[in-house]
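A.B. asks: Contents are mmCIF, C-alpha atoms; file name query.cif:
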```cif
data_run
#
loop_
_atom_site.label_atom_id
_atom_site.label_comp_id
_atom_site.auth_asym_id
_atom_site.auth_seq_id
_atom_site.Cartn_x
_atom_site.Cartn_y
_atom_site.Cartn_z
CA MET A 1 23.87 -14.39 5.09
CA ALA A 2 21.52 -17.30 5.48
CA THR A 3 22.92 -20.59 4.33
CA ASN A 4 20.90 -22.86 6.58
CA GLN A 5 17.65 -23.81 4.88
CA GLU A 6 15.93 -24.09 8.25
CA ASP A 7 16.22 -20.36 8.84
CA VAL A 8 14.45 -19.05 5.78
CA LYS A 9 11.10 -20.26 4.53
CA LEU A 10 8.56 -19.08 2.02
CA LEU A 11 4.93 -20.18 2.05
CA GLY A 12 3.69 -19.71 -1.50
CA ALA A 13 1.45 -20.77 -4.32
CA THR A 14 2.91 -21.33 -7.77
CA GLY A 15 0.42 -19.13 -9.61
CA SER A 16 0.72 -16.05 -7.42
CA PRO A 17 2.49 -12.97 -8.83
CA PHE A 18 3.02 -11.77 -5.26
CA VAL A 19 4.86 -14.95 -4.33
CA CYS A 20 6.89 -14.66 -7.52
CA ARG A 21 8.12 -11.23 -6.42
CA VAL A 22 9.61 -12.77 -3.30
CA ARG A 23 11.16 -15.64 -5.26
CA ILE A 24 12.86 -13.19 -7.62
CA ALA A 25 14.26 -11.16 -4.72
CA LEU A 26 15.59 -14.27 -2.96
CA LYS A 27 17.14 -15.60 -6.15
CA LEU A 28 18.70 -12.22 -6.92
CA LYS A 29 20.32 -12.22 -3.50
CA GLU A 30 21.23 -15.90 -3.71
CA ILE A 31 19.45 -16.76 -0.47
CA GLU A 32 18.74 -20.44 0.09
CA TYR A 33 15.29 -21.08 1.47
CA LYS A 34 12.70 -23.74 1.99
CA TYR A 35 9.69 -23.33 -0.25
CA VAL A 36 6.34 -24.65 0.97
CA GLU A 37 3.54 -24.85 -1.59
CA GLU A 38 0.19 -23.98 -0.05
CA ASN A 39 -3.09 -25.43 -1.25
CA LEU A 40 -5.25 -22.31 -1.13
CA GLY A 41 -8.41 -24.44 -1.24
CA ASN A 42 -7.30 -26.09 1.99
CA LYS A 43 -4.99 -23.74 3.85
CA SER A 44 -2.41 -25.20 6.21
CA GLU A 45 -2.40 -24.54 9.94
CA GLU A 46 1.00 -22.98 9.43
CA LEU A 47 -0.36 -20.41 6.98
CA ILE A 48 -3.21 -19.51 9.33
CA LYS A 49 -0.81 -19.26 12.27
CA TYR A 50 1.69 -17.11 10.41
CA ASN A 51 -0.78 -14.84 8.61
CA PRO A 52 -3.91 -14.82 10.77
CA VAL A 53 -5.03 -11.45 9.40
CA TYR A 54 -5.21 -12.29 5.68
CA LYS A 55 -4.50 -16.06 5.56
CA LYS A 56 -2.83 -15.39 2.22
CA VAL A 57 0.49 -16.14 0.54
CA PRO A 58 3.25 -15.11 0.36
CA VAL A 59 4.37 -15.48 3.94
CA PHE A 60 8.09 -15.13 4.45
CA VAL A 61 9.43 -16.72 7.64
CA HIS A 62 12.87 -15.80 8.91
CA ASN A 63 14.00 -17.53 12.11
CA ASP A 64 10.36 -18.30 12.91
CA LYS A 65 9.34 -14.64 12.49
CA PRO A 66 6.63 -14.32 9.80
CA ILE A 67 6.11 -11.37 7.45
CA SER A 68 3.21 -10.89 5.03
CA GLU A 69 2.53 -8.53 2.11
CA SER A 70 4.93 -8.92 -0.78
CA LEU A 71 6.28 -5.36 -0.86
CA VAL A 72 6.83 -5.40 2.91
CA ILE A 73 8.71 -8.69 2.49
CA LEU A 74 10.89 -7.20 -0.28
CA GLU A 75 11.86 -4.28 1.96
CA TYR A 76 12.76 -6.70 4.75
CA ILE A 77 14.84 -8.95 2.51
CA ASP A 78 16.69 -5.90 1.19
CA GLU A 79 17.43 -4.69 4.73
CA ILE A 80 18.67 -8.06 5.99
CA TRP A 81 20.72 -9.17 3.00
CA LYS A 82 22.69 -6.27 1.55
CA GLN A 83 24.12 -7.95 -1.56
CA ASN A 84 22.55 -7.01 -4.93
CA PRO A 85 20.37 -4.24 -3.47
CA ILE A 86 16.83 -3.97 -4.84
CA LEU A 87 15.95 -0.55 -3.45
CA PRO A 88 18.08 2.39 -4.65
CA ASN A 89 20.53 3.85 -2.16
CA ASP A 90 19.38 7.44 -2.56
CA PRO A 91 16.38 8.26 -0.30
CA TYR A 92 14.51 10.15 -3.02
CA GLN A 93 14.96 7.35 -5.53
CA ARG A 94 13.84 4.91 -2.84
CA SER A 95 10.65 6.92 -2.32
CA LEU A 96 9.96 6.85 -6.06
CA ALA A 97 10.47 3.07 -6.13
CA ARG A 98 7.95 2.71 -3.29
CA PHE A 99 5.51 5.04 -5.02
CA TRP A 100 5.59 3.18 -8.34
CA SER A 101 5.35 -0.25 -6.75
CA LYS A 102 2.27 0.89 -4.85
CA PHE A 103 0.92 2.33 -8.10
CA ILE A 104 1.25 -1.07 -9.77
CA ASP A 105 -0.67 -2.71 -6.92
CA ASP A 106 -3.35 -0.02 -6.68
CA LYS A 107 -3.92 0.81 -10.33
CA ILE A 108 -2.70 -2.03 -12.53
CA VAL A 109 -3.10 -5.42 -10.82
CA GLY A 110 -6.84 -5.23 -10.06
CA ALA A 111 -7.88 -3.47 -13.27
CA SER A 112 -5.87 -5.88 -15.47
CA PHE A 113 -7.36 -8.97 -13.86
CA LYS A 114 -10.87 -7.54 -14.02
CA SER A 115 -10.33 -6.70 -17.71
CA VAL A 116 -10.87 -10.44 -18.21
CA PHE A 117 -12.64 -11.69 -15.10
CA THR A 118 -15.71 -9.45 -15.36
CA ILE A 119 -18.92 -10.68 -16.91
CA ASP A 120 -20.72 -7.37 -17.36
CA GLU A 121 -19.49 -5.85 -20.60
CA ASN A 122 -19.72 -2.21 -19.54
CA GLU A 123 -17.89 -2.91 -16.31
CA ARG A 124 -15.25 -4.87 -18.19
CA GLU A 125 -14.74 -2.00 -20.63
CA LYS A 126 -14.20 0.35 -17.70
CA HIS A 127 -11.52 -1.93 -16.28
CA ILE A 128 -9.84 -2.15 -19.68
CA GLU A 129 -9.78 1.65 -19.85
CA GLU A 130 -8.40 1.96 -16.32
CA ALA A 131 -5.68 -0.62 -16.98
CA THR A 132 -4.75 1.04 -20.28
CA GLU A 133 -4.50 4.47 -18.68
CA ALA A 134 -2.38 3.18 -15.80
CA LEU A 135 -0.04 1.30 -18.14
CA HIS A 136 0.44 4.49 -20.18
CA ILE A 137 1.44 6.36 -17.05
CA LEU A 138 3.96 3.66 -16.20
CA GLU A 139 5.23 3.52 -19.81
CA ASN A 140 6.19 7.18 -19.48
CA GLU A 141 8.15 6.46 -16.30
CA LEU A 142 10.44 3.94 -17.91
CA LYS A 143 13.72 5.69 -18.70
CA GLY A 144 16.23 2.89 -19.14
CA LYS A 145 16.44 -0.80 -19.89
CA PHE A 146 14.89 -1.56 -16.49
CA PHE A 147 13.09 0.62 -13.97
CA GLY A 148 16.28 0.20 -11.96
CA GLY A 149 18.44 1.36 -14.91
CA GLU A 150 20.93 -1.28 -16.03
CA GLU A 151 19.91 -3.65 -13.21
CA ILE A 152 16.48 -4.79 -12.08
CA ASN A 153 15.22 -3.20 -8.88
CA PHE A 154 12.18 -3.03 -6.59
CA VAL A 155 9.82 -1.65 -9.28
CA ASP A 156 10.89 -4.23 -11.86
CA ILE A 157 10.22 -7.00 -9.36
CA ALA A 158 6.82 -5.53 -8.46
CA ALA A 159 6.05 -5.29 -12.19
CA VAL A 160 6.56 -9.03 -12.82
CA PHE A 161 2.78 -9.02 -12.78
CA ILE A 162 2.78 -6.89 -15.93
CA ALA A 163 5.44 -8.87 -17.81
CA PHE A 164 4.16 -12.36 -17.10
CA TRP A 165 0.60 -12.38 -15.71
CA ILE A 166 -1.04 -9.74 -17.91
CA PRO A 167 -0.25 -11.46 -21.26
CA LEU A 168 -1.19 -14.84 -19.80
CA VAL A 169 -4.54 -13.76 -18.37
CA HIS A 170 -5.46 -11.55 -21.32
CA GLU A 171 -4.85 -14.40 -23.74
CA ILE A 172 -7.92 -16.14 -22.29
CA THR A 173 -10.24 -13.64 -23.97
CA ASP A 174 -7.78 -12.71 -26.69
CA LEU A 175 -7.62 -9.20 -25.25
CA LYS A 176 -4.98 -7.13 -27.05
CA LEU A 177 -4.24 -4.65 -24.33
CA PHE A 178 -0.56 -4.92 -23.50
CA THR A 179 1.05 -4.92 -26.93
CA ASP A 180 4.26 -3.77 -28.57
CA GLU A 181 2.32 -1.14 -30.56
CA LYS A 182 0.48 0.40 -27.63
CA PHE A 183 3.31 0.24 -25.10
CA PRO A 184 6.62 -0.03 -26.98
CA LYS A 185 8.88 0.81 -24.03
CA LEU A 186 7.01 -1.24 -21.48
CA TYR A 187 6.69 -4.15 -23.87
CA ASN A 188 10.43 -4.11 -24.59
CA TRP A 189 11.07 -3.92 -20.88
CA SER A 190 8.88 -6.99 -20.35
CA GLN A 191 10.93 -9.00 -22.87
CA GLU A 192 14.24 -7.96 -21.31
CA PHE A 193 12.87 -8.66 -17.86
CA LEU A 194 11.47 -12.11 -18.69
CA ASN A 195 14.82 -13.02 -20.24
CA HIS A 196 16.81 -11.95 -17.21
CA PRO A 197 18.36 -15.20 -15.89
CA VAL A 198 17.17 -14.60 -12.31
CA VAL A 199 13.63 -13.86 -13.44
CA LYS A 200 13.51 -16.76 -15.89
CA GLU A 201 14.33 -19.23 -13.15
CA SER A 202 11.75 -17.72 -10.78
CA LEU A 203 8.68 -17.80 -13.03
CA PRO A 204 6.04 -20.52 -12.78
CA PRO A 205 5.53 -22.85 -15.78
CA ARG A 206 3.22 -21.06 -18.21
CA ASP A 207 0.98 -23.81 -19.61
CA PRO A 208 -0.51 -25.23 -16.41
CA LEU A 209 -1.04 -21.71 -15.13
CA PHE A 210 -2.83 -20.71 -18.32
CA ALA A 211 -5.04 -23.82 -18.00
CA PHE A 212 -5.77 -22.90 -14.38
CA PHE A 213 -6.85 -19.33 -15.19
CA LYS A 214 -8.79 -20.47 -18.26
CA ALA A 215 -10.76 -22.98 -16.16
CA ARG A 216 -11.46 -20.25 -13.63
CA TYR A 217 -12.71 -17.98 -16.39
CA GLU A 218 -14.92 -20.68 -17.87
CA GLY A 219 -16.33 -21.36 -14.42
CA LEU A 220 -17.17 -17.68 -14.06
CA VAL A 221 -18.87 -17.58 -17.46
CA ALA A 222 -20.83 -20.79 -16.75
CA ALA A 223 -21.95 -19.47 -13.35
CA SER A 224 -23.26 -16.25 -14.91
CA LYS A 225 -25.58 -18.05 -17.32
CA MET B 1 18.70 19.34 9.14
CA ALA B 2 16.49 21.71 7.17
CA THR B 3 16.15 25.12 8.71
CA ASN B 4 15.45 27.07 5.56
CA GLN B 5 11.71 27.21 4.90
CA GLU B 6 12.35 27.32 1.16
CA ASP B 7 13.69 23.81 1.16
CA VAL B 8 10.77 21.94 2.65
CA LYS B 9 7.19 22.37 1.58
CA LEU B 10 3.95 20.52 2.16
CA LEU B 11 0.93 20.85 -0.10
CA GLY B 12 -2.03 19.89 2.04
CA ALA B 13 -5.69 20.28 2.91
CA THR B 14 -6.70 20.90 6.52
CA GLY B 15 -9.27 18.11 6.67
CA SER B 16 -7.11 15.32 5.28
CA PRO B 17 -5.96 12.58 7.67
CA PHE B 18 -3.16 11.76 5.21
CA VAL B 19 -1.83 15.31 5.33
CA CYS B 20 -2.09 15.22 9.11
CA ARG B 21 0.22 12.20 9.20
CA VAL B 22 2.92 14.21 7.47
CA ARG B 23 2.38 17.20 9.77
CA ILE B 24 2.80 15.00 12.84
CA ALA B 25 6.03 13.50 11.48
CA LEU B 26 7.46 16.92 10.65
CA LYS B 27 6.50 18.33 14.05
CA LEU B 28 7.96 15.29 15.82
CA LYS B 29 11.24 15.85 14.02
CA GLU B 30 11.06 19.61 14.48
CA ILE B 31 11.43 20.31 10.79
CA GLU B 32 10.46 23.79 9.66
CA TYR B 33 8.46 23.83 6.46
CA LYS B 34 6.21 25.92 4.33
CA TYR B 35 2.63 24.74 4.37
CA VAL B 36 0.47 25.43 1.30
CA GLU B 37 -3.27 24.88 1.69
CA GLU B 38 -4.79 23.45 -1.48
CA ASN B 39 -8.34 24.11 -2.57
CA LEU B 40 -9.32 20.65 -3.74
CA GLY B 41 -12.27 22.07 -5.66
CA ASN B 42 -9.84 24.13 -7.70
CA LYS B 43 -6.46 22.42 -7.68
CA SER B 44 -3.35 24.53 -8.13
CA GLU B 45 -0.99 24.16 -11.07
CA GLU B 46 1.67 23.28 -8.54
CA LEU B 47 -0.32 20.32 -7.21
CA ILE B 48 -0.96 19.03 -10.72
CA LYS B 49 2.69 19.47 -11.63
CA TYR B 50 3.98 17.76 -8.51
CA ASN B 51 1.45 14.91 -8.37
CA PRO B 52 0.30 14.41 -11.97
CA VAL B 53 -0.70 10.79 -11.31
CA TYR B 54 -3.21 11.31 -8.50
CA LYS B 55 -3.49 15.12 -8.22
CA LYS B 56 -4.03 14.60 -4.51
CA VAL B 57 -2.60 15.90 -1.25
CA PRO B 58 -0.35 15.44 0.59
CA VAL B 59 2.57 16.28 -1.64
CA PHE B 60 5.85 16.73 0.17
CA VAL B 61 8.44 18.78 -1.68
CA HIS B 62 12.07 18.65 -0.59
CA ASN B 63 14.49 20.81 -2.58
CA ASP B 64 11.98 20.86 -5.44
CA LYS B 65 11.67 17.05 -5.47
CA PRO B 66 8.05 16.00 -4.92
CA ILE B 67 6.85 12.86 -3.12
CA SER B 68 3.26 11.64 -2.88
CA GLU B 69 1.47 8.99 -0.78
CA SER B 70 1.55 9.68 2.94
CA LEU B 71 3.29 6.46 4.05
CA VAL B 72 5.94 6.88 1.35
CA ILE B 73 6.48 10.44 2.58
CA LEU B 74 6.84 9.26 6.19
CA GLU B 75 9.53 6.75 5.17
CA TYR B 76 11.38 9.48 3.30
CA ILE B 77 11.22 11.94 6.17
CA ASP B 78 12.50 9.27 8.53
CA GLU B 79 15.40 8.47 6.23
CA ILE B 80 16.43 12.09 5.71
CA TRP B 81 16.04 13.40 9.27
CA LYS B 82 17.31 10.87 11.76
CA GLN B 83 16.22 12.58 15.02
CA ASN B 84 13.19 11.10 16.83
CA PRO B 85 12.93 8.07 14.57
CA ILE B 86 9.43 6.99 13.60
CA LEU B 87 10.27 3.57 12.20
CA PRO B 88 11.82 1.04 14.61
CA ASN B 89 15.49 0.30 14.17
CA ASP B 90 15.10 -3.48 14.04
CA PRO B 91 14.27 -4.73 10.52
CA TYR B 92 11.59 -7.16 11.72
CA GLN B 93 9.87 -4.50 13.81
CA ARG B 94 10.10 -2.16 10.81
CA SER B 95 8.34 -4.73 8.65
CA LEU B 96 5.56 -5.06 11.24
CA ALA B 97 5.16 -1.28 11.33
CA ARG B 98 4.81 -1.25 7.54
CA PHE B 99 2.36 -4.16 7.63
CA TRP B 100 0.06 -2.54 10.22
CA SER B 101 0.12 0.88 8.58
CA LYS B 102 -0.92 -0.74 5.31
CA PHE B 103 -3.60 -2.65 7.20
CA ILE B 104 -5.02 0.64 8.51
CA ASP B 105 -5.17 2.03 4.97
CA ASP B 106 -6.57 -1.13 3.38
CA LYS B 107 -9.00 -2.31 6.02
CA ILE B 108 -9.94 0.56 8.31
CA VAL B 109 -9.92 3.91 6.47
CA GLY B 110 -12.35 3.01 3.67
CA ALA B 111 -14.70 0.86 5.75
CA SER B 112 -14.94 3.48 8.54
CA PHE B 113 -15.77 6.30 6.15
CA LYS B 114 -18.31 4.18 4.29
CA SER B 115 -19.91 3.23 7.63
CA VAL B 116 -21.39 6.72 7.46
CA PHE B 117 -21.17 7.79 3.81
CA THR B 118 -23.26 4.97 2.35
CA ILE B 119 -26.92 5.41 1.62
CA ASP B 120 -27.93 1.78 1.14
CA GLU B 121 -28.58 0.34 4.58
CA ASN B 122 -27.39 -3.20 3.84
CA GLU B 123 -24.19 -1.92 2.28
CA ARG B 124 -23.66 0.40 5.21
CA GLU B 125 -24.11 -2.45 7.69
CA LYS B 126 -21.47 -4.45 5.81
CA HIS B 127 -19.00 -1.57 6.10
CA ILE B 128 -19.75 -1.25 9.82
CA GLU B 129 -19.04 -4.97 10.25
CA GLU B 130 -15.81 -4.73 8.25
CA ALA B 131 -14.60 -1.71 10.21
CA THR B 132 -15.50 -3.37 13.52
CA GLU B 133 -13.65 -6.56 12.63
CA ALA B 134 -10.55 -4.67 11.50
CA LEU B 135 -10.51 -2.51 14.62
CA HIS B 136 -10.69 -5.66 16.77
CA ILE B 137 -7.68 -7.08 14.97
CA LEU B 138 -5.76 -3.86 15.61
CA GLU B 139 -6.93 -3.71 19.25
CA ASN B 140 -5.24 -7.08 19.80
CA GLU B 141 -1.99 -5.76 18.35
CA LEU B 142 -1.67 -2.93 20.83
CA LYS B 143 0.76 -4.03 23.53
CA GLY B 144 1.91 -0.80 25.19
CA LYS B 145 0.87 2.79 25.66
CA PHE B 146 1.52 3.44 21.97
CA PHE B 147 2.05 1.12 19.01
CA GLY B 148 5.64 2.30 19.27
CA GLY B 149 5.81 1.42 23.01
CA GLU B 150 6.54 4.45 25.19
CA GLU B 151 6.93 6.74 22.16
CA ILE B 152 4.69 7.23 19.14
CA ASN B 153 5.91 5.63 15.94
CA PHE B 154 4.95 5.00 12.31
CA VAL B 155 1.82 2.98 13.16
CA ASP B 156 0.58 5.54 15.69
CA ILE B 157 0.97 8.27 13.10
CA ALA B 158 -0.84 6.21 10.45
CA ALA B 159 -3.59 5.58 13.01
CA VAL B 160 -4.33 9.28 13.55
CA PHE B 161 -7.25 8.51 11.29
CA ILE B 162 -8.69 6.20 13.97
CA ALA B 163 -8.13 8.55 16.90
CA PHE B 164 -9.43 11.75 15.34
CA TRP B 165 -11.36 11.12 12.11
CA ILE B 166 -13.41 8.07 13.09
CA PRO B 167 -15.14 9.67 16.12
CA LEU B 168 -15.70 12.89 14.17
CA VAL B 169 -17.23 11.24 11.11
CA HIS B 170 -19.25 8.70 13.09
CA GLU B 171 -20.80 11.47 15.20
CA ILE B 172 -22.67 12.63 12.09
CA THR B 173 -24.98 9.59 12.23
CA ASP B 174 -24.48 9.01 15.95
CA LEU B 175 -22.79 5.71 15.12
CA LYS B 176 -21.36 4.12 18.28
CA LEU B 177 -18.67 2.01 16.68
CA PHE B 178 -15.36 3.08 18.17
CA THR B 179 -16.15 3.19 21.90
CA ASP B 180 -14.39 2.62 25.21
CA GLU B 181 -16.53 -0.49 25.86
CA LYS B 182 -15.91 -2.17 22.50
CA PHE B 183 -12.24 -1.25 22.13
CA PRO B 184 -10.85 -0.46 25.58
CA LYS B 185 -7.16 -0.61 24.61
CA LEU B 186 -7.52 1.19 21.32
CA TYR B 187 -9.79 3.81 22.83
CA ASN B 188 -7.29 4.48 25.64
CA TRP B 189 -4.56 4.68 23.06
CA SER B 190 -6.57 7.26 21.12
CA GLN B 191 -6.88 9.47 24.21
CA GLU B 192 -3.16 9.23 24.99
CA PHE B 193 -2.34 9.88 21.37
CA LEU B 194 -4.63 12.90 20.97
CA ASN B 195 -3.12 14.38 24.14
CA HIS B 196 0.45 13.94 22.96
CA PRO B 197 1.77 17.51 22.60
CA VAL B 198 3.09 16.93 19.07
CA VAL B 199 -0.19 15.41 17.92
CA LYS B 200 -2.33 18.04 19.61
CA GLU B 201 -0.57 20.81 17.72
CA SER B 202 -0.87 18.98 14.41
CA LEU B 203 -4.61 18.27 14.38
CA PRO B 204 -7.06 20.41 12.43
CA PRO B 205 -9.73 22.37 14.37
CA ARG B 206 -12.60 19.97 15.08
CA ASP B 207 -15.73 22.11 14.70
CA PRO B 208 -15.29 23.42 11.14
CA LEU B 209 -14.21 19.94 10.04
CA PHE B 210 -17.29 18.39 11.61
CA ALA B 211 -19.46 20.99 9.83
CA PHE B 212 -17.70 20.19 6.55
CA PHE B 213 -18.28 16.43 6.80
CA LYS B 214 -21.85 16.95 8.02
CA ALA B 215 -22.65 19.11 5.01
CA ARG B 216 -21.12 16.49 2.75
CA TYR B 217 -23.27 13.83 4.39
CA GLU B 218 -26.42 15.92 4.05
CA GLY B 219 -25.61 16.53 0.41
CA LEU B 220 -25.31 12.79 -0.13
CA VAL B 221 -28.62 12.11 1.59
CA ALA B 222 -30.37 14.87 -0.37
CA ALA B 223 -28.97 13.60 -3.67
CA SER B 224 -30.25 10.08 -2.97
CA LYS B 225 -33.88 11.19 -2.56
#
```
In structure tokens, write the structure found in this file.
C.D. replies:
Amino acid sequence: MATNQEDVKLLGATGSPFVCRVRIALKLKEIEYKYVEENLGNKSEELIKYNPVYKKVPVFVHNDKPISESLVILEYIDEIWKQNPILPNDPYQRSLARFWSKFIDDKIVGASFKSVFTIDENEREKHIEEATEALHILENELKGKFFGGEEINFVDIAAVFIAFWIPLVHEITDLKLFTDEKFPKLYNWSQEFLNHPVVKESLPPRDPLFAFFKARYEGLVAASK
Amino acid sequence: MATNQEDVKLLGATGSPFVCRVRIALKLKEIEYKYVEENLGNKSEELIKYNPVYKKVPVFVHNDKPISESLVILEYIDEIWKQNPILPNDPYQRSLARFWSKFIDDKIVGASFKSVFTIDENEREKHIEEATEALHILENELKGKFFGGEEINFVDIAAVFIAFWIPLVHEITDLKLFTDEKFPKLYNWSQEFLNHPVVKESLPPRDPLFAFFKARYEGLVAASK
């Protein structure tokens, strides 16, 4: 188990849901690490060296060995540090966890963002429909308190985007997509999840992030005129 | 180890590179299985039942438990049947294998297909550029005979798309993208890989597949006029 801060490092950006996934996993496993905030408008040489392919955060660096892609990082963390496992032990349940995490990335993240950050109204409506449909599919998958049952697991961590980022981004245009009425189970899950002590301590502060996304949205609207 | 054909089943379609990945993994591990060819123009009730989210092949069914998404299936197969491992044993090498397989799916598969199946010339040129850039990145990653070193591994299997489908699809428009001159290491790899006895026996017959894709291309061209 890593106790030396020099061994474990995370290159991140406060507003990134993908970075937040890694922070939750590290907190859950009680791993000490050095966090380096990247300025994505002026990327560091370290970021470019460690992730030359995408030049994106998160990059997780363990004993100078870099890993990119949040779900790949989660798998690695779970393999190296066995305490508080985030993937189920059973191979079939593991495969389902991988499937649903990929589903969140492929079907929910992009469509939910674009449900706000799209100027063309018809296109935006399509994204709203796609996001709604995908959230319904996920709603039906939720059997217990968490996707992991009584404890949060890989899918819960991947879904931090849904619990925290969707309401925040949708508030910009007052979009009522992810609500208690439309998604009772998933909405309840999001409240339980956000109140989980490990999650609570891993989330970015809401207000500055809301201001950041709102400014980005206003920039997009201004540019389209 | 499964020896009873009833236990292990693969719903596939001959022309799918994603199905081919699963076939290679099963052949490599010498798993007997029942193969069910799906007619994607008229999907079976079984396919819809087993993969209600995407209704796509491959679906791998082990003791009536279905798994979708080819890379998720490969991980499962490797966890259940330990012989001839396809993921490296070392956690860091495993994470790299996952990263590069995802890279192939995200950056190479779509762009390579669209380098042919795009009517608009400017758009098509963009896809050709994207595919070329991504293949160069992968070319630089290839250190040995295979991505797995002396033996084929997870990344090699994911890259069957590059070795077999890219040349086949690009031949339709006589596109000289993936050549010996431009990608000497990757091209050599593709020849070694296609000649690997396990791979050779897992590939679909080339001529009918070429005719299928050519007809699809001609349909696209005709529809655009």
A.B. asks: Tell me, counting all atoms listed in the file, for each residue of chain B within 7 Å of chain A, which pair of atoms is nearest and how far apart they are in Å to one decimal, in rows ordered by chain and increasing number, as JSON lines.
C.D. replies:
```
{"residue": "B:Val72", "atom": "CA", "partner": "A:Ser95", "partner_atom": "CA", "distance": 6.0}
{"residue": "B:Tyr76", "atom": "CA", "partner": "A:Ser95", "partner_atom": "CA", "distance": 6.2}
{"residue": "B:Glu79", "atom": "CA", "partner": "A:Pro91", "partner_atom": "CA", "distance": 6.6}
{"residue": "B:Pro91", "atom": "CA", "partner": "A:Tyr76", "partner_atom": "CA", "distance": 6.3}
{"residue": "B:Ser95", "atom": "CA", "partner": "A:Val72", "partner_atom": "CA", "distance": 6.0}
{"residue": "B:Arg98", "atom": "CA", "partner": "A:Val72", "partner_atom": "CA", "distance": 6.5}
{"residue": "B:Phe99", "atom": "CA", "partner": "A:Val72", "partner_atom": "CA", "distance": 6.6}
```
A.B. asks: For segment 104-107 of chain A, list every protein, DNA or RNA residue within 12 Å, evaluated using all atoms listed in the file, and leave out those in the same chain fewer than 4 positions away; present the list as a PDB file with C-alpha atoms, in the frame of the given file.
C.D. replies:
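Listing of result.pdb after writing:
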```pdb
ATOM      1  CA  PRO A  17       2.490 -12.970  -8.830  1.00  0.00           C
ATOM      2  CA  PHE A  18       3.020 -11.770  -5.260  1.00  0.00           C
ATOM      3  CA  GLU A  69       2.530  -8.530   2.110  1.00  0.00           C
ATOM      4  CA  SER A  70       4.930  -8.920  -0.780  1.00  0.00           C
ATOM      5  CA  LEU A  71       6.280  -5.360  -0.860  1.00  0.00           C
ATOM      6  CA  ALA A  97      10.470   3.070  -6.130  1.00  0.00           C
ATOM      7  CA  ARG A  98       7.950   2.710  -3.290  1.00  0.00           C
ATOM      8  CA  PHE A  99       5.510   5.040  -5.020  1.00  0.00           C
ATOM      9  CA  TRP A 100       5.590   3.180  -8.340  1.00  0.00           C
ATOM     10  CA  ALA A 111      -7.880  -3.470 -13.270  1.00  0.00           C
ATOM     11  CA  SER A 112      -5.870  -5.880 -15.470  1.00  0.00           C
ATOM     12  CA  PHE A 113      -7.360  -8.970 -13.860  1.00  0.00           C
ATOM     13  CA  LYS A 114     -10.870  -7.540 -14.020  1.00  0.00           C
ATOM     14  CA  HIS A 127     -11.520  -1.930 -16.280  1.00  0.00           C
ATOM     15  CA  ILE A 128      -9.840  -2.150 -19.680  1.00  0.00           C
ATOM     16  CA  GLU A 129      -9.780   1.650 -19.850  1.00  0.00           C
ATOM     17  CA  GLU A 130      -8.400   1.960 -16.320  1.00  0.00           C
ATOM     18  CA  ALA A 131      -5.680  -0.620 -16.980  1.00  0.00           C
ATOM     19  CA  THR A 132      -4.750   1.040 -20.280  1.00  0.00           C
ATOM     20  CA  GLU A 133      -4.500   4.470 -18.680  1.00  0.00           C
ATOM     21  CA  ALA A 134      -2.380   3.180 -15.800  1.00  0.00           C
ATOM     22  CA  LEU A 135      -0.040   1.300 -18.140  1.00  0.00           C
ATOM     23  CA  HIS A 136       0.440   4.490 -20.180  1.00  0.00           C
ATOM     24  CA  ILE A 137       1.440   6.360 -17.050  1.00  0.00           C
ATOM     25  CA  LEU A 138       3.960   3.660 -16.200  1.00  0.00           C
ATOM     26  CA  GLU A 139       5.230   3.520 -19.810  1.00  0.00           C
ATOM     27  CA  PHE A 154      12.180  -3.030  -6.590  1.00  0.00           C
ATOM     28  CA  VAL A 155       9.820  -1.650  -9.280  1.00  0.00           C
ATOM     29  CA  ASP A 156      10.890  -4.230 -11.860  1.00  0.00           C
ATOM     30  CA  ILE A 157      10.220  -7.000  -9.360  1.00  0.00           C
ATOM     31  CA  ALA A 158       6.820  -5.530  -8.460  1.00  0.00           C
ATOM     32  CA  ALA A 159       6.050  -5.290 -12.190  1.00  0.00           C
ATOM     33  CA  VAL A 160       6.560  -9.030 -12.820  1.00  0.00           C
ATOM     34  CA  PHE A 161       2.780  -9.020 -12.780  1.00  0.00           C
ATOM     35  CA  ILE A 162       2.780  -6.890 -15.930  1.00  0.00           C
ATOM     36  CA  ALA A 163       5.440  -8.870 -17.810  1.00  0.00           C
TER      37      ALA A 163
ATOM     38  CA  VAL B  53      -0.700  10.790 -11.310  1.00  0.00           C
ATOM     39  CA  TYR B  54      -3.210  11.310  -8.500  1.00  0.00           C
ATOM     40  CA  GLU B  69       1.470   8.990  -0.780  1.00  0.00           C
ATOM     41  CA  ASP B 105      -5.170   2.030   4.970  1.00  0.00           C
ATOM     42  CA  ASP B 106      -6.570  -1.130   3.380  1.00  0.00           C
TER      43      ASP B 106
END
```
A.B. asks: With all atoms listed in the file counted, which protein, DNA or RNA residues have an atom no more than 9 Å from (-10.2, 15.7, -2.5) in the file frame? Please answer as a list in words.
C.D. replies: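 Residues close enough to count: Ala13, Ser16, Asn39, Leu40, Gly41, Lys55, Lys56 and Val57 of chain B.
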A.B. asks: Step by step, work through what the PyMOL selection byres ((chain A and resi 31) around 12) selects in the shown file, and finish by giving those residues as a PyMOL selection string.
C.D. replies: chain A and resi 1-10+22-30+32-35+62+77-78+80-84
A.B. asks: What would the selection look like, as a ChimeraX atom specification, if the PyMOL selection byres ((chain A and resi 185-197) around 7) were run on the coordinates I just shared?
C.D. replies: /A:139,145-146,163,179-180,183-184,198-201
